[in-house]
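Novice: Mind looking over this structure? Questions follow.
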Amino acid sequence: AGELARVTCTVAAEPIAKEEMAKEVPKEIFLKDYEKPDYYFETVHLNFALGEEHTIVHSNISVVSHPEGGANAPLKLDGVDVKLRSLKVNGEDVKDGGYSLSAKQLILHRPPSTPFKLEITTEIEPQNNTTLEGLYKSTGNFCTQCEAEGFRRITFYQDRPDVMAKFTTRIEADKSLYPVLLSNGNLIEQGDLSEGRHYALWEDPFKKPCYLFALVAGQLASRDDEFTTCSGRKVSLRIWTPAQDIPKTVHAMYSLKAAMKWDEEVFGREYDLDLFNIVAVPDFNMGAMENKSLNIFNSRLVLASPETASDADYAAILGVIGHEYFHNWTGNRVTCRDWFQLSLKEGLTVFRDQEFSSDMGSRAVKRIADVVRLRISQFPQDAGPMSHPVRPHSYIKMDNFYTVTVYEKGAEVVRMYQTLLSKKGFRKGMDLYFERHDSQAVTCDDFYAAMRDANTANLANFGLWYSQSGTPILTIYTSYDASAHTFQLKCRQEIPPTAGQPTKEPMLIPLAIGLLGSKGQDLPLTSVYDGASLKSLKDDCGNGVTTVVLRVEKAEQEFIFTDILERPVPSLLRGFSAPVRLVSDVADEDLLFLLAHDSDEFNRWEAGQTIGRKLILSLVSALQQGKELFINKDFVNGLRSTLCNSSLDKEFIAKAITLPAESELMDLMEVADPDAVHTARRFVVKQIASSLRQEFLDAVNTNRSNEVYEFNHESMARRALKNVSLGYLASLNEPETIQLALNEYNTATNMTEQIAALAAIAQNPGELRTEVLSKFYEQWQKDSLVTNKWLALQALSDIPGNVKNVEALLDHPAFDMKNPNKVYSLVGGFCGSAVNFHAKDGLGYRFLGDMVLKLDKINPQVASRMVSAFSKWKKFDLHRQELAKWIHMGR
Ligand code: ZN
């Protein structure tokens with residue numbers, strides 16, 4: 001990814017030989033080159049002497065050889081930014097020629113016969129570690145982040161997930177500065193030492209890869225609770241934060257207990273230790289980390305109060321607390337053989353957290369939100385230079401592969417197993433997977449085999465979903481034969497060429513489909529001819545069905561439904577049964593019919609989105625040709641009926657009346673035109689707002705939350721509908737609607753409504769906007785998580801020339817370059833504004849270029865996440881491509 005994405009060269013404490021320096025060129029690592037390690041580690045005893053100047057880490061490892069491994073092969077240990085203090089084998093110092101040391105490796109040339117004891121002492125400086133990988137300090141406390149390859153920044157180790165060992169961890173530190181000392185497993189001993197120091201000894205009975213190691217030391221308080229497992233064991237639950245934040249951990253604790261119960265009920269998975277800790281830290285690169293029994297979280301995904309966190313934050317906390325907890329089985333008990341298999345744990349665990357959130361709230365709304373995310377982020381990634389399969393074939397820096405493809409597309413792949421095998425069959429597959437692989441490090445193929453074997457299923461070319469990149473295009477033509485009473489579908493699948501993959505094979509695509517009759521009812525589906533045979537359609541209990549899952553396996557395939565007595569309106573790809581781009585000949589009037597009647601809520605929403613996409617894209621070309629813009633009245637009327645339909649869930653309505661995002665629209669264009677997309681979309685927003693003005697006013701007035709804030713679906717749904725309506729109204733920039741928004745702002749009693757009212761007002765440049773923004777800052781300046789919202793809201797703004805405001809905010813006390821959340825809010829937020837980031841004067845690109853160069857010196861992971869905004873550059877016109885290239889190549 002060019003000059004900007006380069007990774008900071010890691011410097012070893014010892015002088016490095018010239019030949020070694022030459023090896024520093026980034027190396028591409030290939031899945032096909034995987035080899036088992038020659039040595040395994042059985043037990044690891046770690047001792048940390050935490051200090052202000054340096055921290056001394058002593059590790060004592062029992063080394064055994066791999067049954068088929070080469071005897072006396074050199075033992076290669078990874079290590080980055082660690083100073084070697086001593087190295088012993090079986091109690092004896094290793095002589096100078098017995099080992100070699102480079103910037104990234106310690107090699108023991110001739111290890112003795114196994115088993116043997118390896119003792120290593122290293123010195124590190126966590127207080128100067130700004131990468132937030134390995135052991136580092138966040139607001140005075142010590143904490144760790146070892147996935148993917150952070151453990152090598154703590155001590156020399158075989159830092160790879162297929163090396164699983166039992167860890168004990170002894171921590172010693174100053175007692176007044178670091179009263180709380182935590183690590184994985186059970187606390188088995190603690191006590192005082194001389195000079196005001198103390199220690200704690202932790203033992204983790206489960207073997208694990210080092211990426212799941214964790215240590216926390218500092219001044220923390222805890223919220224304590226208890227969970228009784230299905231077999232009657234009591235588990236202590238503790239959520240650790242600075243004392244003043246403890247009141248904000250109620251929702252996190254609720255989420256944890258709900259997750260523990262859900263995993264028992266849905267997957268039969270019980271927690272396996274007597275203690276579960278969560279620690280919230282303000283400086284964290286990602287969302288959270290599933291370290292065994294000691295999860296560490298970005299504080300934004302733990303802390304919430306009605307006044308400071310929005311409904312979206314509450315939902316994110318529920319989902320991520322669930323996600324990390326679920327990793328205990330999918331990730332920790334069964335882990336990955338190598339990092340190419342990352343989706344084995346992440347895709348599966350995202351799927352599990354999606355299902356958890358669905359069961360806790362509205363399934364349709366959750367599905368819609370997840371599909372929107374896929375379309376906004378993953379589809380563009382899969383169509384650009386960063387396109388890679390769910391299981392990548394190679395990588396240079398693993399940290400850059402924590403992508404929406406591995407996570408979200410990976411979750412879609414797992415979901416497709418369930419769609420193909422049914423919920424019951426999927427559960428059987430999961431049970432077999434755990435039965436076969438508990439305490440092993442395995443691959444995506446092992447997961448596939450468990451699903452296949454438990455169901456004796458034919459999953460023929462389904463495995464290609466792991467190895468082929470690119471979003472398949474599924475084209476469907478339909479026709480009805482009134483005399484034969486048959487309904488025919490002609491399907492074609494095509495996977496576009498992607499980076500490194502010019503040609504593709506057809507894959508098994510589950511296509512869920514239903515047919516609607518003229519009254520909007522689901523027609524019974526009795527039998528279907530799938531090109532090979534006529535199959536009669538019944539569910540497991542022998543009852544008739546109205547939705548079937550067709551197996552689209554070939555490049556071209558035909559299906560014929562029989563006994564269809566009237567011309568149906570097809571509801572294709574129900575529930576978004578596969579992560580594809582659907583192209584079909586379903587006419588606009590049929591889409592409007594689906595919007596009004598489909599029993600599949602996802603497709604009901606999708607019908608509206610499809611019309612919306614078509615409409616806005618046609619306006620974009622009208623704009624490009626200098627033509628006048630018109631709105632499709634039927635579409636507006638369809639939205640009106642949805643908005644006024646009191647039988648619908650209000651959160652669903654809020655989603656259904658929200659137009660496709662600018663990034664989704666740009667992704668659908670041959671050459672993305674951010675200005676035209678923005679103008680066209682804004683035009684439609686305002687047209688809808690003025691046509692449905694009264695309906696929106698009613699929605700705002702009848703959905704205010706007067707009562708105390710509650711995190712439940714009903715009240716969240718009311719707030720969602722009210723907030724979307726307010727946004728439409730304020731877009732009109734009329735005195736009356738602006739006054740309404742201001743009123744909502746002033747009377748808001750929770751962050752969900754306060755920030756929505758602020759966003760509504762902030763659409764329109766002017767004095768009021770400035771005034772309310774500074775009022776908001778004044779109120780919340782002491783709450784860093786809230787000021788992040790304030791930064792993001794301004795950064796995302798589409799008001800012309802906004803890059804200047806964003807640059808000014810870099811010097812604002814609310815910003816801090818070393819805190820990833822601040823960078824994601826301000827810099828990341830800015831890249832989310834298509835008009836300003838892609839501004840034709842190039843100032844947006846220049847801003848990001850400057851930021852990335854600065855960030856890379858502090859925290860390469862954060863820099864590389866930010867630079868990815870450039871990865872869509874080929875989507876744009878030549879002028880913008882030239883600008884981006886010029887900035888990107890380092891000028
Ligand atoms: Zn995860």
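Chain labels run A, B, ... following the order of the structure tokens; each chain numbers its residues from 1, and ligands are numbered from 1 in the order shown.
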Could I get the residue neighbourhood of ligand 1 at 10 Å, counting only C-alpha atoms and all ligand atoms, as a PyMOL selection string?
Specialist: chain A and resi 287-290+320+322-327+330-331+342-343+345-350+353+402+407
Novice: Could you give me, as a PyMOL selection string, the residues within 10 Å of range 716-724 of chain A, counting only C-alpha atoms and dropping anything in the same chain fewer than 5 positions from it?
Specialist: chain A and resi 310-312+315+361-362+365+643+649-655+657-658+696-705+709-711+729+741+744+752-757+759-760
Novice: What is the distance between CA of Asp585 in chain A and CA of Ile616 in chain A, in Å to one decimal?
Specialist: 18.5 Å
Novice: Residues at most 6 Å from range 837-854 of chain A, counting only C-alpha atoms, excluding those fewer than 4 positions away in the same chain, as a list of chain:residue names?
Specialist: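 Here the answer would be A:Cys831, A:Ser833, A:Ala863.
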Novice: Let's see if you can do this: from backbone DSSP, list all strand (DSSP E) residues in range 424-597 of chain A, as a PyMOL selection string.
Specialist: chain A and resi 441-442+473-481+486-494+509-516+527-529+534-536+548-552+556-562+569-572+581-584
Novice: When you look at Phe227 in chain A with a cut-off of 10 Å (counting only C-alpha atoms), what residues show up, excluding the ones that are within fewer than 3 positions of it in the same chain? I need them as a count of residues only.
Specialist: 16
Novice: In range 601-671 of chain A, what's alpha helix (DSSP H) per DSSP? Answer as a PyMOL selection string?
Specialist: chain A and resi 601-624+633-644+650-656+662-667
Novice: Using only C-alpha atoms, can you tell me which of A:Asn645, A:Asn788, A:Thr155, A:Asn746 comes closest to Lys822 in chain A?
Specialist: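 Nearest candidate to Lys822 in chain A out of A:Asn645, A:Asn788, A:Thr155, A:Asn746: A:Asn788.
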